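Source file structure.csv; content: CSV, C-alpha atoms.
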chain,number,residue,atom,x,y,z
A,1,SER,CA,47.2,23.3,111.7
A,2,LYS,CA,50.5,25.0,111.2
A,3,LYS,CA,52.3,21.7,110.9
A,4,SER,CA,50.0,20.4,108.2
A,5,ARG,CA,50.7,23.7,106.2
A,6,VAL,CA,54.4,22.9,106.3
A,7,VAL,CA,53.6,19.7,104.5
A,8,SER,CA,51.2,21.3,102.0
A,9,ARG,CA,52.9,24.6,101.4
A,10,GLY,CA,56.5,23.7,102.1
A,11,HIS,CA,57.8,26.0,99.4
A,12,SER,CA,56.7,29.1,101.3
A,13,PHE,CA,58.3,27.9,104.6
A,14,ALA,CA,61.6,27.0,102.8
A,15,ASN,CA,61.7,30.4,101.0
A,16,ARG,CA,61.0,32.2,104.3
A,17,ARG,CA,63.6,30.2,106.1
A,18,ILE,CA,66.3,31.2,103.6
A,19,ARG,CA,65.4,34.8,103.7
A,20,GLY,CA,65.6,34.8,107.5
A,21,ARG,CA,69.3,34.0,107.3
A,22,TYR,CA,70.3,37.3,105.6
A,23,SER,CA,68.2,40.0,107.1
A,24,ALA,CA,67.1,40.8,110.6
A,25,ARG,CA,63.7,41.9,109.4
A,26,ASN,CA,63.2,38.7,107.5
A,27,PHE,CA,64.5,36.8,110.6
A,28,ILE,CA,61.7,38.3,112.7
A,29,ASP,CA,59.2,37.5,110.0
A,30,GLU,CA,60.4,33.8,110.0
A,31,LYS,CA,60.1,33.6,113.7
A,32,LEU,CA,56.6,34.8,113.6
A,33,TYR,CA,55.3,32.9,110.6
A,34,GLY,CA,57.9,30.3,109.6
A,35,VAL,CA,58.8,26.9,110.9
A,36,SER,CA,60.5,28.6,113.9
A,37,SER,CA,57.1,29.6,115.1
A,38,LEU,CA,56.2,26.0,115.7
A,39,GLU,CA,58.5,25.9,118.7
A,40,SER,CA,57.0,29.2,120.0
A,41,TYR,CA,53.5,27.8,119.6
A,42,ALA,CA,54.5,24.7,121.5
A,43,ALA,CA,56.0,26.7,124.3
A,44,ILE,CA,52.9,28.9,124.6
A,45,LEU,CA,50.6,25.9,124.6
A,46,GLU,CA,52.6,24.3,127.4
A,47,SER,CA,52.4,27.5,129.4
A,48,VAL,CA,48.7,27.7,128.9
A,49,GLU,CA,48.2,24.2,130.1
A,50,SER,CA,50.7,24.3,133.0
A,51,ASP,CA,51.0,27.9,134.2
A,52,TRP,CA,47.9,29.9,133.2
A,53,GLU,CA,48.6,32.7,135.7
A,54,LYS,CA,51.9,33.4,134.1
A,55,VAL,CA,50.2,33.7,130.7
A,56,VAL,CA,47.6,36.1,132.1
A,57,LEU,CA,50.5,38.2,133.7
A,58,ARG,CA,52.2,38.4,130.3
A,59,LEU,CA,49.0,39.5,128.6
A,60,LYS,CA,48.4,42.2,131.2
A,61,ASN,CA,52.0,43.4,130.7
A,62,LEU,CA,51.5,43.5,127.0
A,63,ARG,CA,48.2,45.5,127.5
A,64,GLU,CA,49.9,48.0,129.8
A,65,ALA,CA,52.8,48.5,127.4
A,66,ILE,CA,50.4,49.3,124.6
A,67,LEU,CA,48.2,51.7,126.7
A,68,ASN,CA,51.2,53.4,128.3
A,69,GLY,CA,53.0,53.9,125.0
A,70,SER,CA,53.5,57.3,123.4
A,71,ARG,CA,50.3,58.6,121.8
A,72,ASN,CA,52.3,60.0,118.9
A,73,GLY,CA,53.5,56.5,118.1
A,74,MET,CA,50.0,55.0,117.8
A,75,VAL,CA,48.5,54.4,114.4
A,76,LEU,CA,44.8,53.7,113.9
A,77,ASN,CA,44.1,52.3,110.4
A,78,LEU,CA,40.6,53.1,109.1
A,79,THR,CA,39.3,52.2,105.7
A,80,GLY,CA,36.2,53.8,104.1
A,81,ASP,CA,35.0,56.3,101.6
A,82,ARG,CA,35.9,59.9,102.0
A,83,THR,CA,32.5,60.9,103.5
A,84,VAL,CA,32.7,58.2,106.2
A,85,LEU,CA,36.3,59.0,107.1
A,86,ASP,CA,35.6,62.8,107.3
A,87,ALA,CA,32.7,62.1,109.6
A,88,ILE,CA,34.7,60.0,112.2
A,89,MET,CA,38.1,61.6,112.2
A,90,VAL,CA,37.4,63.9,115.1
A,91,GLU,CA,36.0,61.0,117.2
A,92,ALA,CA,38.9,58.7,116.2
A,93,GLY,CA,41.5,61.3,117.2
A,94,ASP,CA,39.7,61.9,120.5
A,95,PHE,CA,39.7,58.1,121.2
A,96,LEU,CA,43.4,57.8,120.8
A,97,VAL,CA,44.3,61.0,122.7
A,98,ASN,CA,41.7,61.1,125.5
A,99,SER,CA,39.8,57.9,125.8
A,100,LEU,CA,42.5,55.3,126.2
A,101,PRO,CA,43.7,55.0,129.8
A,102,TRP,CA,47.3,55.8,130.5
A,103,ASP,CA,49.8,56.3,133.4
A,104,LEU,CA,49.9,60.1,133.8
A,105,GLY,CA,52.7,59.8,136.4
A,106,HIS,CA,55.1,58.1,134.0
A,107,PRO,CA,54.7,59.6,130.5
A,108,ALA,CA,56.2,57.6,127.7
A,109,PRO,CA,59.1,59.0,125.7
A,110,PRO,CA,58.3,60.0,122.1
A,111,THR,CA,58.2,57.2,119.7
A,112,PRO,CA,61.1,57.3,117.1
A,113,ASP,CA,60.4,57.4,113.4
A,114,PHE,CA,61.3,53.8,112.6
A,115,ARG,CA,61.4,54.6,108.9
A,116,SER,CA,64.7,56.4,109.6
A,117,VAL,CA,66.1,54.5,112.6
A,118,ASP,CA,66.1,50.8,113.5
A,119,HIS,CA,63.5,49.4,115.7
A,120,PRO,CA,64.9,48.0,119.1
A,121,TRP,CA,64.0,44.5,117.9
A,122,ILE,CA,66.6,44.7,115.1
A,123,ALA,CA,69.7,44.7,117.2
A,124,SER,CA,68.6,41.7,119.3
A,125,ALA,CA,67.4,39.9,116.1
A,126,GLU,CA,70.8,40.3,114.4
A,127,LYS,CA,72.5,38.6,117.4
A,128,GLU,CA,69.9,35.8,117.6
A,129,MET,CA,70.0,35.3,113.8
A,130,ILE,CA,73.6,34.3,113.9
A,131,GLN,CA,73.0,31.8,116.6
A,132,SER,CA,69.7,30.2,115.7
A,133,ASN,CA,69.5,30.6,111.9
A,134,PRO,CA,73.0,31.0,110.5
A,135,VAL,CA,73.8,30.8,106.8
A,136,ARG,CA,73.8,27.0,106.3
A,137,ASP,CA,72.1,24.3,104.3
A,138,GLU,CA,69.1,22.9,106.1
A,139,GLY,CA,66.6,20.1,105.7
A,140,ILE,CA,63.1,20.4,107.2
A,141,VAL,CA,61.8,16.9,107.8
A,142,VAL,CA,58.1,16.1,107.2
A,143,SER,CA,56.2,13.1,106.0
A,144,THR,CA,55.8,13.6,102.2
A,145,GLN,CA,56.4,11.9,98.9
A,146,VAL,CA,57.5,15.1,97.2
A,147,ALA,CA,59.9,17.9,98.0
A,148,TYR,CA,60.0,21.6,98.3
A,149,VAL,CA,63.4,22.8,97.3
A,150,ALA,CA,64.7,26.3,97.8
A,151,GLU,CA,68.1,28.1,97.3
A,152,GLY,CA,68.8,31.7,97.9
A,153,GLY,CA,71.3,34.4,98.8
A,154,ARG,CA,72.2,38.0,98.6
A,155,LEU,CA,72.5,39.6,95.2
A,156,TYR,CA,73.0,43.1,96.5
A,157,ASP,CA,74.8,44.4,99.6
A,158,VAL,CA,72.8,46.5,102.1
A,159,GLY,CA,72.8,50.0,100.8
A,160,ASP,CA,73.4,49.2,97.2
A,161,PRO,CA,71.1,50.9,94.7
A,162,VAL,CA,68.6,48.4,93.2
A,163,SER,CA,66.7,49.1,90.1
A,164,ALA,CA,63.1,47.9,89.8
A,165,SER,CA,64.2,46.3,86.5
A,166,VAL,CA,65.5,43.4,88.6
A,167,SER,CA,61.9,42.4,89.3
A,168,VAL,CA,61.3,42.1,85.5
A,169,VAL,CA,64.3,39.7,85.2
A,170,SER,CA,63.0,37.7,88.1
A,171,HIS,CA,59.6,37.5,86.5
A,172,TYR,CA,61.2,36.4,83.3
A,173,LEU,CA,63.0,33.5,85.2
A,174,THR,CA,59.7,32.3,86.7
A,175,THR,CA,57.8,32.3,83.4
A,176,GLY,CA,60.7,31.2,81.3
A,177,TYR,CA,63.5,28.9,82.6
A,178,MET,CA,61.7,27.9,85.8
A,179,TRP,CA,58.6,27.0,83.9
A,180,ASP,CA,60.2,25.3,80.9
A,181,VAL,CA,62.8,23.3,82.7
A,182,ILE,CA,61.6,22.6,86.3
A,183,ARG,CA,57.9,22.5,85.7
A,184,ALA,CA,57.3,21.3,82.1
A,185,LYS,CA,60.4,19.1,81.7
A,186,ASN,CA,61.1,17.9,85.2
A,187,GLY,CA,57.5,17.7,86.5
A,188,ALA,CA,57.4,20.0,89.5
A,189,TYR,CA,53.9,21.4,90.2
A,190,GLY,CA,55.4,24.9,90.7
A,191,ALA,CA,58.7,26.7,90.2
A,192,TYR,CA,59.4,30.3,91.1
A,193,SER,CA,62.0,33.0,91.2
A,194,GLN,CA,61.6,35.8,93.8
A,195,PHE,CA,63.6,38.9,94.4
A,196,SER,CA,63.1,41.6,97.0
A,197,SER,CA,64.3,45.1,96.3
A,198,HIS,CA,64.0,45.9,100.0
A,199,ASP,CA,66.9,43.7,101.0
A,200,GLY,CA,68.6,42.5,97.8
A,201,ILE,CA,67.9,38.8,98.4
A,202,ALA,CA,66.9,36.4,95.7
A,203,THR,CA,65.5,32.9,96.0
A,204,LEU,CA,64.6,30.1,93.6
A,205,PHE,CA,62.1,27.5,94.9
A,206,THR,CA,59.8,24.7,93.8
A,207,TYR,CA,56.4,23.4,94.8
A,208,ARG,CA,55.5,19.7,95.1
A,209,ASP,CA,58.7,18.6,93.3
A,210,PRO,CA,58.9,14.9,92.4
A,211,ASN,CA,62.6,15.1,91.6
A,212,THR,CA,65.5,14.5,94.0
A,213,PRO,CA,66.6,17.7,95.7
A,214,GLU,CA,70.1,17.4,94.2
A,215,ASP,CA,68.7,17.3,90.7
A,216,THR,CA,66.5,20.4,91.3
A,217,LEU,CA,69.5,22.3,92.8
A,218,ASP,CA,71.5,21.4,89.7
A,219,ALA,CA,68.7,22.8,87.6
A,220,PHE,CA,68.7,26.0,89.6
A,221,HIS,CA,72.4,26.4,88.8
A,222,GLY,CA,71.6,26.5,85.0
A,223,ALA,CA,69.4,29.6,85.3
A,224,ALA,CA,72.1,32.3,85.1
A,225,SER,CA,73.7,30.7,82.0
A,226,THR,CA,70.4,30.5,80.3
A,227,ILE,CA,69.7,34.2,80.8
A,228,LEU,CA,73.1,35.0,79.4
A,229,GLU,CA,72.4,32.8,76.3
A,230,ASP,CA,69.0,34.4,75.9
A,231,ALA,CA,70.6,37.9,76.0
A,232,LYS,CA,72.3,37.0,72.8
A,233,SER,CA,69.3,35.5,71.1
A,234,SER,CA,65.6,35.4,72.2
A,235,LEU,CA,65.7,38.6,74.3
A,236,ILE,CA,66.9,40.7,71.3
A,237,ARG,CA,64.5,39.3,68.7
A,238,ASP,CA,61.5,41.1,67.3
A,239,ASP,CA,62.4,44.5,68.8
A,240,ASN,CA,63.0,43.0,72.3
A,241,ALA,CA,59.5,41.5,72.4
A,242,ALA,CA,60.4,39.0,75.2
A,243,ILE,CA,61.5,41.8,77.4
A,244,THR,CA,58.3,43.8,76.7
A,245,THR,CA,56.2,40.7,77.6
A,246,SER,CA,58.1,40.4,80.9
A,247,ILE,CA,57.6,44.1,81.7
A,248,ILE,CA,53.9,43.8,81.1
A,249,GLY,CA,53.7,40.6,83.3
A,250,THR,CA,55.6,42.3,86.1
A,251,ILE,CA,53.5,45.4,86.1
A,252,GLY,CA,50.4,43.4,85.9
A,253,GLY,CA,51.4,41.5,89.0
A,254,LEU,CA,52.2,44.7,90.7
A,255,ASP,CA,48.8,46.3,89.9
A,256,GLY,CA,46.8,43.1,90.2
A,257,SER,CA,43.0,43.1,90.3
A,258,ALA,CA,40.9,45.6,92.1
A,259,LEU,CA,41.5,45.4,95.9
A,260,SER,CA,38.8,44.7,98.4
A,261,ALA,CA,38.3,47.5,101.0
A,262,ASN,CA,40.1,45.4,103.6
A,263,ASP,CA,43.1,44.8,101.3
A,264,ALA,CA,43.2,48.4,100.2
A,265,GLY,CA,43.4,49.5,103.8
A,266,TRP,CA,46.2,47.1,104.6
A,267,VAL,CA,48.3,48.1,101.5
A,268,SER,CA,47.8,51.7,102.4
A,269,LEU,CA,49.0,51.1,106.0
A,270,VAL,CA,52.1,49.2,104.8
A,271,ARG,CA,53.0,52.0,102.4
A,272,TYR,CA,52.6,54.5,105.2
A,273,LEU,CA,54.8,52.6,107.6
A,274,ARG,CA,57.5,52.2,105.0
A,275,GLY,CA,57.3,55.9,104.0
A,276,GLU,CA,56.6,54.8,100.5
A,277,SER,CA,55.2,57.7,98.4
A,278,ALA,CA,53.3,57.8,95.1
A,279,LEU,CA,56.4,59.4,93.6
A,280,SER,CA,58.7,56.5,94.6
A,281,ARG,CA,56.2,54.0,93.2
A,282,GLN,CA,56.1,55.9,89.9
A,283,ARG,CA,59.9,56.0,89.8
A,284,ARG,CA,60.0,52.2,90.2
A,285,ARG,CA,57.4,51.7,87.5
A,286,LYS,CA,59.5,53.8,85.1
A,287,GLU,CA,62.6,51.7,86.0
A,288,MET,CA,60.6,48.6,85.0
A,289,LEU,CA,59.5,50.2,81.7
A,290,ASP,CA,63.1,51.0,81.0
A,291,THR,CA,64.4,47.4,81.5
A,292,SER,CA,67.0,46.5,78.9
A,293,VAL,CA,69.1,43.5,77.9
A,294,GLY,CA,71.9,44.9,80.0
A,295,ASP,CA,69.7,44.5,83.1
A,296,PHE,CA,69.3,40.8,82.3
A,297,VAL,CA,73.0,40.3,81.8
A,298,ASP,CA,73.8,42.1,85.1
A,299,TYR,CA,71.3,40.0,87.0
A,300,ALA,CA,72.7,36.7,85.5
A,301,LYS,CA,76.2,37.7,86.5
A,302,ARG,CA,75.1,38.4,90.0
A,303,LEU,CA,73.2,35.1,90.1
A,304,LYS,CA,76.4,33.3,89.1
A,305,SER,CA,78.3,34.9,92.0
A,306,TRP,CA,75.6,34.6,94.7
A,307,LYS,CA,77.0,35.9,98.0
A,308,ALA,CA,77.0,32.9,100.5
A,309,PRO,CA,74.0,31.1,99.0
A,310,SER,CA,72.2,28.5,101.1
A,311,VAL,CA,69.6,25.8,100.8
A,312,ALA,CA,66.4,25.0,102.6
A,313,ILE,CA,64.5,21.8,101.6
A,314,VAL,CA,61.2,20.5,103.0
A,315,ALA,CA,61.2,16.7,102.3
A,316,SER,CA,61.1,13.3,103.9
A,317,GLN,CA,63.9,12.0,106.1
A,318,SER,CA,65.0,9.5,103.5
A,319,ALA,CA,65.1,12.1,100.7
A,320,LEU,CA,67.3,14.3,102.8
A,321,ASN,CA,69.6,11.4,103.9
A,322,ASP,CA,70.3,10.6,100.2
A,323,MET,CA,71.8,14.1,99.6
A,324,GLU,CA,75.5,14.3,99.3
A,325,ARG,CA,75.9,17.6,101.1
A,326,GLU,CA,76.1,18.2,104.9
A,327,MET,CA,72.8,19.6,106.2
A,328,SER,CA,71.4,20.7,109.5
A,329,MET,CA,68.0,19.0,110.2
A,330,PHE,CA,64.9,20.6,111.6
A,331,LYS,CA,62.2,18.0,112.3
A,332,VAL,CA,58.6,19.2,112.2

For the file at hand, write its structure as structure tokens.
Amino acid sequence: SKKSRVVSRGHSFANRRIRGRYSARNFIDEKLYGVSSLESYAAILESVESDWEKVVLRLKNLREAILNGSRNGMVLNLTGDRTVLDAIMVEAGDFLVNSLPWDLGHPAPPTPDFRSVDHPWIASAEKEMIQSNPVRDEGIVVSTQVAYVAEGGRLYDVGDPVSASVSVVSHYLTTGYMWDVIRAKNGAYGAYSQFSSHDGIATLFTYRDPNTPEDTLDAFHGAASTILEDAKSSLIRDDNAAITTSIIGTIGGLDGSALSANDAGWVSLVRYLRGESALSRQRRRKEMLDTSVGDFVDYAKRLKSWKAPSVAIVASQSALNDMEREMSMFKV
């Protein structure tokens, strides 16, 4: 169940919860897939059990909204080899244009290009985000003997240019400081640094962490200083070998193993919806290859001056009660 996944994969829920405080798109993602969705699931289940006719009406309205939407805004994602796709393209186009029923008396307005204008959900999400998930420290209460500790914030303002080299530094943190200090020394089963170039938000988080949340947060706060120290020592040794290793690891994670047909189709769809071209991906790859010591120093300085950072911790009630900071509580 979703509740049991909060206990077993609390790091992903804590990470998503933090990111949902700084970006409307992330807020929507958290409502759909994060701990907030538990409340939605409960409300839907109650409606199914107590007012099934209302649920059916909502499903019919959803169906009509899809069928009566503008045909130029519909996307049919098909995956196959070139021979198969060439053979079905005419039928697929005819299905979308002519086979789906629609209300001829009330033609839908053209669908905007949401790669260049905000979706209508964004404005309402920005208002709701301030009310239901403001920037604050939060404890997510579950029954567990370990903790999942996360801290994050905005490193770049909206609209700031972000080099792909930042991903290399974030990877270096995961495989270096986070591994050495929080995993090997302090005993957490997992410790990660994550940065998104799409929104400029960075997070640090742990998986199955046996330490007190306060101790782990203190360890997080040593990450920036360690990078600055490494920039004067290990990062410049042997012709910047440590930087080269991080570049290789970052690009390896980007490319990954060969995708299944299903995954390849999904990745292609996401790239299309984002308007991401092969040229832009090549430019980002070049920025990664050009990562320098200066990029590490810049990242560390930004990390030291995180803009309104906040905390999300999945842990037991007793572990959260022992913390010295004021926290809002969300009980699963």

### Task
Return the single residue from A:Ile66, A:Arg82, A:Val117, A:Ile140 that is closest to A:Leu100, with distances computed using only C-alpha atoms.
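Nearest to A:Leu100: A:Ile66.
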
### Spatial neighbours of A:Ala261, max dist 10 Å, all atoms listed in the file, sep filter under 6 positions, as a PyMOL selection string
chain A and resi 79-81

Stretch 50-102 of chain A near stretch 266-270 of chain A within 10 Å: what's each residue's closest atom pair and its distance in Å to one decimal, counting all atoms listed in the file, ordered by chain then ascending residue number, as a Markdown table?
| residue | atom | partner | partner_atom | distance |
| --- | --- | --- | --- | --- |
| A:Val75 | CA | A:Leu269 | CA | 9.0 |
| A:Leu76 | CA | A:Leu269 | CA | 9.3 |
| A:Asn77 | CA | A:Leu269 | CA | 6.7 |
| A:Leu78 | CA | A:Leu269 | CA | 9.2 |
| A:Thr79 | CA | A:Trp266 | CA | 8.7 |

If we count all atoms listed in the file and set the cut-off at 7 Å, which residues sit around stretch 149-155 of chain A, ignoring sequence neighbours fewer than 6 positions away in its own chain? Please answer as a PDB file with C-alpha atoms, keeping the file's coordinate frame.
ATOM      1  CA  HIS A  11      57.800  26.000  99.400  1.00  0.00           C
ATOM      2  CA  ALA A  14      61.600  27.000 102.800  1.00  0.00           C
ATOM      3  CA  ASN A  15      61.700  30.400 101.000  1.00  0.00           C
ATOM      4  CA  ILE A  18      66.300  31.200 103.600  1.00  0.00           C
ATOM      5  CA  GLY A 200      68.600  42.500  97.800  1.00  0.00           C
ATOM      6  CA  ILE A 201      67.900  38.800  98.400  1.00  0.00           C
ATOM      7  CA  ALA A 202      66.900  36.400  95.700  1.00  0.00           C
ATOM      8  CA  THR A 203      65.500  32.900  96.000  1.00  0.00           C
ATOM      9  CA  LEU A 204      64.600  30.100  93.600  1.00  0.00           C
ATOM     10  CA  PHE A 205      62.100  27.500  94.900  1.00  0.00           C
ATOM     11  CA  THR A 206      59.800  24.700  93.800  1.00  0.00           C
ATOM     12  CA  PRO A 213      66.600  17.700  95.700  1.00  0.00           C
ATOM     13  CA  ARG A 302      75.100  38.400  90.000  1.00  0.00           C
ATOM     14  CA  LEU A 303      73.200  35.100  90.100  1.00  0.00           C
ATOM     15  CA  TRP A 306      75.600  34.600  94.700  1.00  0.00           C
ATOM     16  CA  LYS A 307      77.000  35.900  98.000  1.00  0.00           C
ATOM     17  CA  ALA A 308      77.000  32.900 100.500  1.00  0.00           C
ATOM     18  CA  PRO A 309      74.000  31.100  99.000  1.00  0.00           C
ATOM     19  CA  SER A 310      72.200  28.500 101.100  1.00  0.00           C
ATOM     20  CA  VAL A 311      69.600  25.800 100.800  1.00  0.00           C
ATOM     21  CA  ALA A 312      66.400  25.000 102.600  1.00  0.00           C
ATOM     22  CA  ILE A 313      64.500  21.800 101.600  1.00  0.00           C
ATOM     23  CA  VAL A 314      61.200  20.500 103.000  1.00  0.00           C
TER      24      VAL A 314
END

### Task
May I have the residues within 12 Å of A:Val35 as an MDAnalysis selection string, using all atoms listed in the file and disregarding those fewer than 2 positions away in the same chain?
chainID A and resid 2:7 9:18 20 27:33 37:42 133 139:142 312 314 330:332

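When atom CA of A:Arg21 is paired with atom CA of A:Met129, their separation reads 6.7 Å.
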
### Task
To one decimal in Å, tell me the separation between atom CA of A:Pro210 and atom CA of A:Val146.
5.0 Å

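Here atom CA of A:Ser277 and atom CA of A:Ala264 stand 15.3 Å from one another.
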
Take every atom of stretch 251-259 of chain A listed in the file, fit an axis-aligned box around them, add 3 Å per side, and give the centre and edge lengths in Å to one decimal as JSON.
{"center_x": 47.2, "center_y": 43.9, "center_z": 90.9, "size_x": 18.6, "size_y": 10.8, "size_z": 16.0}

### Query
In terms of the shortest atom-to-atom distance over all atoms listed in the file, which of A:Ile251, A:Leu173, A:Arg63, A:Asp118 is closest to A:Lys286?
A:Ile251

### Task
Write out as a VMD selection string the residues lying within 9 Å of stretch 238-247 of chain A, counting all atoms listed in the file and excluding same-chain residues fewer than 4 positions away.
chain A and resid 165 167 to 169 171 to 172 175 234 251 to 252 288 to 293

### Task
Rank A:His106, A:Arg25, A:His198, A:Arg136 by their smallest atom-to-atom distance to A:Ser328, using all atoms listed in the file, and report the top residue only.
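Looking at the shortest contact to A:Ser328, the residue is A:Arg136.
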
### Task
Can you work out which one of A:Asn186, A:Asn72, A:Thr174, A:Thr83 has the shortest atom-to-atom distance to A:Pro112, counting all atoms listed in the file?
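Looking at the shortest contact to A:Pro112, the residue is A:Asn72.
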
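Using all atoms listed in the file, the smallest distance between any of A:Ser23, A:Gln145, A:Asn211, A:Gln194 and A:Ala125 comes from A:Ser23.
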
### Task
Please return, as a ChimeraX atom specification, all polymer residues that have at least one atom within 9 Å of the point (57.8, 17.0, 89.5); use only C-alpha atoms and the file's own coordinate frame.
/A:146-147,182-190,207-211
